[in-house]
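Notes to accompany the following structure.
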Amino acid sequence: MLINSLFYRLAVALAVGLMVGFERGWSARNRDDGRRVAGLRTFGLIGLTGGVCAILPGGAMVAAGLVVLGAAFITFHFLEYQRDQDIGATTFVAAILTYGLGAIAVRGEPLAAAATATVVAGLLASKSPLHAWIKAVTWLELRAFLVLMVMTILVLPIMPRVAVDPWGVLVPAEVWFLAVLIATLSFVGHGAVRLLGERAGVMVSAMAGGLVSSTAMGVLFARSARQDPKSAKRMAGAALLSSGVMALRTVFLVGLAKAELLPLLAPSLAAMAAISFASGAWMISTPTKTDGGQDPSSTDLRLAAPFDLFLTLRLAGLIGLVMVAARLARQSFGQQGVFAVSFLAGLGDVDAVTLSLARGPMDGHELVITTLAIGIAVSANTLMKSSLALIIGGRQHGVWILAANVASLMGAGLVMFAILA
């Protein structure tokens, strides 16, 4: 009864105006009286006016009030420009929006109007951090964001939603959605690294960088170990932290693609992540005789762009190829064929294998086969990173990583065997 009360709705309309007006008044608090176009009282009255106009019969009064309000603000802004030579449309747009929210509070949904007003006030109050963030964004990051929007909003809706291959496996819309999912995860991970800073410390940077690519981070740390052999143990620990994040990221992707796999796969990957995190943290925090007490935050970590279009297209092609190869291998060689495909594809990319296999309906036996196949892909990728560490980072760096990776794989294997047995 209360939410349908006219007094309640008018009160929400007034509150909407006061909420936005409080921010506008605070922003202009240093200006003298009479030099502000609109503040707390004015915006409160604007919201209430929108509510009152919405009470009157028909929609003509709401439109008429909007026209009058717009004309008044245009006049006041023109006079302000002549006086201060300052051009700004934020207050004008906020006033129009406040008027409309006041009308919605009375004629539509008052709670929706109040929630929107909260968002508006938050955006208005975030001027400084938003402007600073815009200045900090690079061209590569802006391009990556626009490419991601095109992939999601323009391309994905027009992708065919029926299989285009003779085996009924390759559905372009599904393949493209999986590629968008991986690109989004990489973009978010890159943003996390940027927010934390490039010199936020080895541990934080390694774990954040693992969201983008644990393999790329492993190569980065191996190069650092090659250039400075004193840091070989610390860089090995950092690479292991990135591998632990990769294991948890795989759990996240499995949960999105096929939640039924989580009880079978998540415990073993969690064990792998725990061993990687523990060994990595120990290697970073424990000094060696040759590290000279090096500060863990002294390593400058730089990542490339979040992703690019050509990389995404290659990834989409890889996902589709794994889907078809897995189906053909299953038909020709049974489950051994699926395992072989998972191992070979896992050498290059775990995410593609995970999302390719964890799709479509599955019975109990197929869930077990898929769990084992994803585990094989993770193992192959982990061994590949160990090989790269040995080749690029040198013997000392590579041995640290190889020993920890073997331990993590053994732990994950024991947990998986206990679950599936």
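Just remember, in the structure tokens the first chain shown is A, the second B, etc., residues are 1-based per chain, and ligands are 1-based in the order shown.
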
*Close residues, A:Thr118 itself excluded, 9 Å, only C-alpha atoms, min 5 positions apart in chain, as a list in words*: Val16, Met19, Val20, Ala113 and Leu123 of chain A

Residues of stretch 343-367 of chain A that have any atom at most 12 Å from an atom of stretch 375-398 of chain A: could you tabulate them with the shortest-distance atom pair and the distance in Å to one decimal, using only C-alpha atoms, ordered by chain and increasing number, as a Markdown table?
```
| residue | atom | partner | partner_atom | distance |
| --- | --- | --- | --- | --- |
| A:Phe343 | CA | A:Ala377 | CA | 4.9 |
| A:Leu344 | CA | A:Ala380 | CA | 7.6 |
| A:Ala345 | CA | A:Ala377 | CA | 7.0 |
| A:Gly346 | CA | A:Ala377 | CA | 4.1 |
| A:Leu347 | CA | A:Asn381 | CA | 4.7 |
| A:Gly348 | CA | A:Asn381 | CA | 6.8 |
| A:Asp349 | CA | A:Asn381 | CA | 7.1 |
| A:Val350 | CA | A:Ala377 | CA | 6.0 |
| A:Asp351 | CA | A:Val378 | CA | 9.2 |
| A:Ala352 | CA | A:Ala377 | CA | 9.8 |
| A:Val353 | CA | A:Ala377 | CA | 7.0 |
| A:Thr354 | CA | A:Ala377 | CA | 8.0 |
| A:Leu355 | CA | A:Ala377 | CA | 11.6 |
| A:Ser356 | CA | A:Ala377 | CA | 11.6 |
| A:Leu357 | CA | A:Ala377 | CA | 10.6 |
```

Written file, previous selection with N, CA and C atoms, as a tab-separated table (two decimals), in the first residue's frame:
```
chain	number	residue	atom	x	y	z
A	343	PHE	N	46.17	-33.69	-25.22
A	343	PHE	CA	47.59	-33.50	-24.90
A	343	PHE	C	48.25	-32.56	-25.91
A	344	LEU	N	48.03	-32.81	-27.19
A	344	LEU	CA	48.67	-31.98	-28.22
A	344	LEU	C	48.16	-30.54	-28.18
A	345	ALA	N	46.84	-30.38	-28.04
A	345	ALA	CA	46.30	-29.03	-28.00
A	345	ALA	C	46.67	-28.31	-26.71
A	346	GLY	N	46.77	-29.06	-25.60
A	346	GLY	CA	47.13	-28.45	-24.33
A	346	GLY	C	48.53	-27.89	-24.31
A	347	LEU	N	49.40	-28.37	-25.18
A	347	LEU	CA	50.74	-27.79	-25.28
A	347	LEU	C	50.68	-26.32	-25.65
A	348	GLY	N	49.63	-25.94	-26.38
A	348	GLY	CA	49.52	-24.55	-26.81
A	348	GLY	C	48.58	-23.72	-25.97
A	349	ASP	N	47.40	-24.25	-25.63
A	349	ASP	CA	46.41	-23.43	-24.93
A	349	ASP	C	45.45	-24.32	-24.14
A	350	VAL	N	45.41	-24.14	-22.84
A	350	VAL	CA	44.52	-24.93	-21.98
A	350	VAL	C	43.09	-24.44	-22.10
A	351	ASP	N	42.91	-23.11	-22.21
A	351	ASP	CA	41.55	-22.56	-22.25
A	351	ASP	C	40.76	-23.10	-23.44
A	352	ALA	N	41.40	-23.16	-24.60
A	352	ALA	CA	40.71	-23.65	-25.79
A	352	ALA	C	40.27	-25.10	-25.62
A	353	VAL	N	41.15	-25.93	-25.05
A	353	VAL	CA	40.80	-27.33	-24.83
A	353	VAL	C	39.66	-27.44	-23.83
A	354	THR	N	39.75	-26.68	-22.74
A	354	THR	CA	38.73	-26.74	-21.70
A	354	THR	C	37.36	-26.38	-22.23
A	355	LEU	N	37.29	-25.27	-22.94
A	355	LEU	CA	35.99	-24.81	-23.44
A	355	LEU	C	35.51	-25.66	-24.60
A	356	SER	N	36.41	-26.26	-25.34
A	356	SER	CA	36.00	-27.12	-26.45
A	356	SER	C	35.40	-28.42	-25.95
A	357	LEU	N	36.00	-29.00	-24.93
A	357	LEU	CA	35.54	-30.29	-24.43
A	357	LEU	C	34.34	-30.15	-23.50
```

_I need the residues of stretch 39-251 of chain A that end up classed as helix (DSSP H, G or I) by DSSP on the backbone, written out as a PyMOL selection string._
chain A and resi 40-55+60-84+90-107+110-125+127-136+139-158+172-196+202-209+214-227+229-251

*Can you tell me how far atom CA of A:Gly21 sits from atom CA of A:Leu6, in Å to one decimal?*
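So the two atoms, atom CA of A:Gly21 and atom CA of A:Leu6, lie 22.4 Å apart.
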
*asked:* What's around stretch 94-103 of chain A at 6 Å? Count only C-alpha atoms, leave out sequence neighbours fewer than 3 positions away in its own chain, and write the answer as JSON, numbers by chain.
replied: {"A": [13, 17, 46, 47, 50, 51, 54, 91, 106, 113]}

Residues from the last selection, C-alpha atoms, saved as a CSV table (one decimal), in the first residue's frame:
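Generated file (part.csv):
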```
chain,number,residue,atom,x,y,z
A,13,ALA,CA,10.7,12.2,-6.7
A,17,GLY,CA,16.4,15.5,-7.0
A,46,ILE,CA,13.4,19.7,-10.5
A,47,GLY,CA,12.8,16.1,-9.3
A,50,GLY,CA,8.8,16.0,-12.7
A,51,GLY,CA,6.7,14.0,-10.2
A,54,ALA,CA,3.5,13.2,-14.1
A,91,THR,CA,24.7,19.9,-15.1
A,106,VAL,CA,5.3,8.9,-9.7
A,113,ALA,CA,14.0,5.8,-10.2
```

*Counting only C-alpha atoms, figure out which residue out of A:Val12, A:Leu154, A:Ala239, A:Gly122 gets nearest to A:Arg223.*
A:Ala239

*Counting only C-alpha atoms, what is within 9 Å of A:Ser279, bar same-chain residues fewer than 2 positions away, as a PyMOL selection string?*
chain A and resi 237+240-241+274-277+281-284+404

Take the selection from the previous step and output its residues with C-alpha atoms, as a JSON list (two decimals), in the first residue's frame.
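Generated output (out.json):
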```json
[["chain", "number", "residue", "atom", "x", "y", "z"],
["A", 237, "GLY", "CA", 58.49, -18.71, -7.56],
["A", 240, "LEU", "CA", 54.69, -20.88, -10.13],
["A", 241, "LEU", "CA", 52.24, -18.32, -8.75],
["A", 274, "ALA", "CA", 47.66, -24.86, -3.60],
["A", 275, "ILE", "CA", 50.98, -26.64, -4.20],
["A", 276, "SER", "CA", 51.99, -24.05, -6.83],
["A", 277, "PHE", "CA", 51.09, -21.16, -4.54],
["A", 281, "ALA", "CA", 55.56, -18.12, -2.12],
["A", 282, "TRP", "CA", 58.35, -20.08, -0.42],
["A", 283, "MET", "CA", 60.78, -19.50, -3.30],
["A", 284, "ILE", "CA", 60.06, -15.77, -3.36],
["A", 404, "ALA", "CA", 57.45, -27.79, -8.12]]
```

*asked:* I'd like the contact shell of A:Met149 - 12 Å cut-off, only C-alpha atoms, skipping same-chain residues fewer than 3 positions apart - returned as a PyMOL selection string.
replied: chain A and resi 142-146+152-157+180-181+183-184+187+309

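The residue set within 12 Å of A:Gly364, counting only C-alpha atoms and dropping same-chain residues fewer than 2 places from it, reads Glu260, Leu261, Leu264, Pro361, Met362, Glu366, Leu367, Val368, Ile369, Thr370, Thr371 and Leu420 of chain A.
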
Would you output that residue set with C-alpha atoms, as a compact mmCIF listing (two decimals), in the first residue's frame?
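part-v1.txt, freshly written:
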```txt
# COMPACT_ATOMS: atom_id res chain seq x y z
CA GLU A 260 28.58 -30.71 -13.74
CA LEU A 261 32.34 -31.19 -14.17
CA LEU A 264 35.19 -34.14 -10.53
CA PRO A 361 25.10 -32.91 -22.93
CA MET A 362 27.12 -35.62 -21.17
CA GLU A 366 31.47 -38.81 -20.72
CA LEU A 367 31.92 -36.55 -17.68
CA VAL A 368 34.75 -38.78 -16.49
CA ILE A 369 36.39 -38.85 -19.94
CA THR A 370 36.14 -35.06 -20.24
CA THR A 371 37.60 -34.61 -16.75
CA LEU A 420 37.26 -41.09 -9.86
```

*stretch 247-252 of chain A: which residues within 6 Å, counting only C-alpha atoms, same-chain residues fewer than 6 positions away excluded, as a VMD selection string?*
chain A and resid 266 269 273

Go ahead and dump the residues you just picked, N, CA and C atoms, as a compact mmCIF listing (two decimals), in the first residue's frame.
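Final file, result-v9.txt:
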```
# COMPACT_ATOMS: atom_id res chain seq x y z
N ALA A 266 37.37 -29.81 -10.01
CA ALA A 266 37.80 -28.70 -9.16
C ALA A 266 38.73 -29.11 -8.03
N LEU A 269 42.37 -29.62 -9.37
CA LEU A 269 42.97 -28.36 -9.80
C LEU A 269 43.23 -27.45 -8.61
N ALA A 273 46.77 -25.88 -7.61
CA ALA A 273 46.97 -24.46 -7.33
C ALA A 273 47.58 -24.25 -5.95
```

*Quick one: pull the distance between atom CA of A:Val147 and atom CA of A:Leu313, Å, one decimal.*
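Distance between the two atoms: 11.5 Å.
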